[in-house]
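target.txt (compact mmCIF, C-alpha atoms and all ligand atoms)
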# COMPACT_ATOMS: atom_id res chain seq x y z
CA MET A 178 6.30 1.27 -4.78
CA THR A 179 5.02 -1.12 -7.42
CA ASP A 180 4.83 -4.91 -7.00
CA ASP A 181 7.67 -5.66 -9.45
CA VAL A 182 10.02 -3.23 -7.68
CA ALA A 183 8.96 -4.55 -4.26
CA SER A 184 9.62 -8.12 -5.35
CA ALA A 185 13.06 -7.20 -6.74
CA LEU A 186 13.90 -5.57 -3.40
CA ALA A 187 12.63 -8.55 -1.42
CA ARG A 188 15.25 -10.72 -3.15
CA ASN A 189 18.21 -8.61 -2.04
CA ALA A 190 18.38 -6.99 1.42
CA ARG A 191 21.47 -4.86 0.69
CA LEU A 192 19.95 -3.50 -2.51
CA ALA A 193 16.71 -2.87 -0.64
CA TRP A 194 18.56 -0.81 1.98
CA LEU A 195 20.48 1.17 -0.67
CA ALA A 196 17.22 2.05 -2.44
CA SER A 197 15.26 2.77 0.74
CA ASP A 198 14.55 6.01 2.58
CA ALA A 199 17.00 4.76 5.25
CA ASN A 200 19.92 5.48 2.89
CA PRO A 201 20.99 9.04 3.79
CA ASP A 202 22.80 9.55 0.46
CA VAL A 203 19.90 10.86 -1.68
CA ALA A 204 21.79 10.74 -5.00
CA GLN A 205 22.95 7.18 -4.35
CA ARG A 206 19.47 6.14 -3.20
CA ASP A 207 17.85 7.51 -6.37
CA ALA A 208 20.49 5.85 -8.54
CA TYR A 209 19.79 2.51 -6.86
CA ARG A 210 16.06 3.02 -7.36
CA VAL A 211 16.66 3.46 -11.07
CA LEU A 212 18.78 0.29 -11.02
CA VAL A 213 16.04 -1.63 -9.19
CA ARG A 214 13.53 -0.54 -11.81
CA ARG A 215 15.83 -1.90 -14.53
CA ILE A 216 16.22 -5.18 -12.65
CA ALA A 217 12.46 -5.37 -12.12
CA GLY A 218 11.89 -5.30 -15.87
CA PRO A 219 9.34 -3.31 -17.85
CA ALA A 220 8.36 0.14 -16.69
CA ALA A 221 6.20 0.18 -13.62
CA ALA A 222 2.50 0.50 -14.21
CA TYR A 223 0.66 3.72 -13.62
CA PRO A 224 -2.13 3.97 -11.06
CA SER A 225 -5.47 2.65 -12.27
CA ILE A 226 -7.51 4.88 -14.57
CA ALA A 227 -10.05 5.36 -11.75
CA THR A 228 -7.31 6.49 -9.33
CA GLN A 229 -5.84 8.84 -11.94
CA ALA A 230 -9.31 10.26 -12.68
CA ARG A 231 -9.97 10.86 -8.98
CA GLY A 232 -6.56 12.52 -8.59
CA LEU A 233 -7.13 14.74 -11.62
CA ALA A 234 -10.62 15.72 -10.46
CA GLY A 235 -9.32 16.57 -6.99
CA SER A 236 -6.40 18.58 -8.40
CA LEU A 237 -8.65 20.56 -10.75
CA ALA A 238 -11.21 21.18 -7.99
CA SER A 239 -8.49 22.58 -5.71
CA TRP A 240 -7.11 24.66 -8.55
CA PHE A 241 -10.54 26.14 -9.42
CA ARG A 242 -11.31 26.82 -5.74
CA ALA A 243 -8.01 28.72 -5.45
CA GLY A 244 -8.86 30.90 -8.47
CA CYS A 245 -6.84 29.00 -11.11
CA PRO A 246 -3.37 30.22 -10.12
CA ILE A 247 -0.60 29.66 -12.68
CA THR A 248 2.81 28.74 -11.29
CA PRO A 249 5.47 31.41 -11.92
CA SER A 250 7.98 30.55 -14.63
CA ALA A 251 10.99 30.02 -12.34
CA GLU A 252 9.01 27.67 -10.09
CA ARG A 253 7.72 25.72 -13.12
CA ALA A 254 11.30 25.26 -14.30
CA ARG A 255 12.36 24.10 -10.82
CA ARG A 256 9.52 21.57 -10.66
CA ARG A 257 10.24 20.28 -14.17
CA ALA A 258 13.94 19.82 -13.31
CA ILE A 259 13.00 17.85 -10.16
CA CYS A 260 10.57 15.65 -12.10
CA THR A 261 13.08 15.01 -14.88
CA GLY A 262 15.63 13.74 -12.35
CA CYS A 263 13.09 11.79 -10.31
CA PRO A 264 13.21 7.97 -10.36
CA GLU A 265 9.40 7.98 -10.55
CA PHE A 266 9.44 9.94 -13.83
CA ASP A 267 8.78 7.96 -17.00
CA ALA A 268 11.03 9.84 -19.42
CA GLN A 269 9.61 8.09 -22.46
CA ALA A 270 5.97 8.96 -21.71
CA ARG A 271 6.92 12.19 -19.86
CA ARG A 272 4.65 11.18 -16.99
CA CYS A 273 4.86 10.64 -13.26
CA ARG A 274 4.40 6.96 -12.40
CA VAL A 275 3.03 7.80 -8.95
CA CYS A 276 0.08 10.01 -9.97
CA GLY A 277 0.05 9.48 -13.74
CA CYS A 278 0.18 13.23 -14.41
CA PHE A 279 1.91 14.64 -17.46
CA GLY A 280 5.18 16.38 -16.62
CA ALA A 281 4.54 19.21 -19.07
CA ALA A 282 1.15 20.15 -17.59
CA LYS A 283 1.25 19.54 -13.85
CA PRO A 284 3.91 22.16 -12.95
CA TRP A 285 1.64 24.87 -14.42
CA LEU A 286 -1.07 24.40 -11.79
CA GLY A 287 -0.26 26.68 -8.88
CA THR A 288 -1.98 24.35 -6.39
CA ALA A 289 -0.42 21.10 -7.68
CA THR A 290 1.82 19.10 -5.37
CA CYS A 291 4.29 16.27 -5.84
CA PRO A 292 2.88 13.05 -4.37
CA ARG A 293 6.34 12.31 -2.92
CA GLY A 294 6.87 15.81 -1.53
CA ARG A 295 9.85 16.41 -3.80
CA TRP A 296 8.69 19.84 -4.90
CA ASP A 297 8.59 20.99 -1.29
CA PRO A 298 11.38 23.57 -0.90
CA THR A 299 12.23 22.04 2.48
CA SER A 300 12.51 18.53 1.04
CA GLU A 301 15.96 16.96 1.00
CA GLU A 302 15.15 15.88 -2.56
CA THR A 303 15.38 19.46 -3.80
CA SER A 304 18.66 20.35 -2.14
S1 LIG B 1 5.54 14.72 -9.39
FE1 LIG B 1 7.01 14.13 -7.78
S2 LIG B 1 7.03 11.87 -7.78
FE2 LIG B 1 6.11 12.55 -9.72
S3 LIG B 1 7.84 12.62 -11.18
FE3 LIG B 1 7.61 14.69 -10.30
S4 LIG B 1 9.03 14.72 -8.57
FE4 LIG B 1 8.70 12.56 -9.09

Could you express the structure from this file as structure tokens?
Amino acid sequence: MTDDVASALARNARLAWLASDANPDVAQRDAYRVLVRRIAGPAAAYPSIATQARGLAGSLASWFRAGCPITPSAERARRRAICTGCPEFDAQARRCRVCGCFGAAKPWLGTATCPRGRWDPTSEETS
């Protein structure tokens, strides 16, 4: 969670609960997270360049170690659909605000993971 979003939530306890993991209604929670981002103002910043570089290096190292597996087409489409509907996805830049990865590229890497666990087939986010 970025500072601007955290500060918007700190000003309103009810809104904070609606946008938190404590809210069992996932669709409502995500909608409130989008609303909080709008209230907070400009799009949240990406991780620092150093953090993004470390994340990219780690992802590529894992991918090479695993033999460069390419994600099957159906799974790529599933991941893209989850990212597109994710409140962390910057639709304008087509990037994930959490890791900074590009939405068009990341789903191709067979070893890539969502930093929020939303690609996990057992995650409530994917149901
Ligand atoms: S990688 Fe995960 S957190 Fe990032 S946009 Fe996709 S679903 Fe959201």

Note to self: Could you check the closest approach to ligand LIG 1 (chain B) for each of A:Thr261, A:Thr248, A:Thr288, A:Gln269 and tell me which residue wins, using only C-alpha atoms and all ligand atoms?
What the structure shows: A:Thr261

Notebook entry, point to check: ligand LIG 1 (chain B): which residues are within 9 Å, counting only C-alpha atoms and all ligand atoms, as a PyMOL selection string?
Noted result: chain A and resi 256-267+271-280+283-284+289-296+302

Take the residues just selected and output them with C-alpha atoms as a PDB file, keeping the file's coordinate frame.
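Now in result_7.pdb:
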ATOM      1  CA  ARG A 256       9.520  21.570 -10.660  1.00  0.00           C
ATOM      2  CA  ARG A 257      10.240  20.280 -14.170  1.00  0.00           C
ATOM      3  CA  ALA A 258      13.940  19.820 -13.310  1.00  0.00           C
ATOM      4  CA  ILE A 259      13.000  17.850 -10.160  1.00  0.00           C
ATOM      5  CA  CYS A 260      10.570  15.650 -12.100  1.00  0.00           C
ATOM      6  CA  THR A 261      13.080  15.010 -14.880  1.00  0.00           C
ATOM      7  CA  GLY A 262      15.630  13.740 -12.350  1.00  0.00           C
ATOM      8  CA  CYS A 263      13.090  11.790 -10.310  1.00  0.00           C
ATOM      9  CA  PRO A 264      13.210   7.970 -10.360  1.00  0.00           C
ATOM     10  CA  GLU A 265       9.400   7.980 -10.550  1.00  0.00           C
ATOM     11  CA  PHE A 266       9.440   9.940 -13.830  1.00  0.00           C
ATOM     12  CA  ASP A 267       8.780   7.960 -17.000  1.00  0.00           C
ATOM     13  CA  ARG A 271       6.920  12.190 -19.860  1.00  0.00           C
ATOM     14  CA  ARG A 272       4.650  11.180 -16.990  1.00  0.00           C
ATOM     15  CA  CYS A 273       4.860  10.640 -13.260  1.00  0.00           C
ATOM     16  CA  ARG A 274       4.400   6.960 -12.400  1.00  0.00           C
ATOM     17  CA  VAL A 275       3.030   7.800  -8.950  1.00  0.00           C
ATOM     18  CA  CYS A 276       0.080  10.010  -9.970  1.00  0.00           C
ATOM     19  CA  GLY A 277       0.050   9.480 -13.740  1.00  0.00           C
ATOM     20  CA  CYS A 278       0.180  13.230 -14.410  1.00  0.00           C
ATOM     21  CA  PHE A 279       1.910  14.640 -17.460  1.00  0.00           C
ATOM     22  CA  GLY A 280       5.180  16.380 -16.620  1.00  0.00           C
ATOM     23  CA  LYS A 283       1.250  19.540 -13.850  1.00  0.00           C
ATOM     24  CA  PRO A 284       3.910  22.160 -12.950  1.00  0.00           C
ATOM     25  CA  ALA A 289      -0.420  21.100  -7.680  1.00  0.00           C
ATOM     26  CA  THR A 290       1.820  19.100  -5.370  1.00  0.00           C
ATOM     27  CA  CYS A 291       4.290  16.270  -5.840  1.00  0.00           C
ATOM     28  CA  PRO A 292       2.880  13.050  -4.370  1.00  0.00           C
ATOM     29  CA  ARG A 293       6.340  12.310  -2.920  1.00  0.00           C
ATOM     30  CA  GLY A 294       6.870  15.810  -1.530  1.00  0.00           C
ATOM     31  CA  ARG A 295       9.850  16.410  -3.800  1.00  0.00           C
ATOM     32  CA  TRP A 296       8.690  19.840  -4.900  1.00  0.00           C
ATOM     33  CA  GLU A 302      15.150  15.880  -2.560  1.00  0.00           C
TER      34      GLU A 302
END

Check: Looking at only C-alpha atoms, which of A:Gly232, A:Ala281, A:Asn189, A:Ala199 is the one that sits closest to A:Arg253?
Finding: A:Ala281

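Counting all atoms listed in the file, the residue from A:Gly287, A:Leu192, A:Val213, A:Ala208 that sits nearest to A:Glu252 is A:Gly287.
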
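Atom pair atom CA of A:Ala270 / atom CA of A:Ala282 has a distance of 12.9 Å (rounded to one decimal).
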
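In this model, the gap between atom CA of A:Leu195 and atom CA of A:Tyr209 comes to 6.4 Å.
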
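Atom CA of A:Asn200 is positioned 14.9 Å from atom CA of A:Leu212.
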
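Of the residues listed (A:Arg191, A:Val211, A:Arg206, A:Leu286), A:Leu286 shows the shortest atom-to-atom separation from A:Pro246; distances use all atoms listed in the file.
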
Provide an axis-aligned box for all listed atoms of stretch 223-226 of chain A, padding each side by 6 Å; report its centre and its edge lengths in Å to one decimal, as AutoDock Vina command-line options.
--center_x -3.4 --center_y 3.8 --center_z -12.8 --size_x 20.2 --size_y 14.2 --size_z 15.5

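Distances here use only C-alpha atoms; by that measure, the residue among A:Trp285, A:Val203, A:Ala190, A:Ser197 closest to A:Ala251 is A:Trp285.
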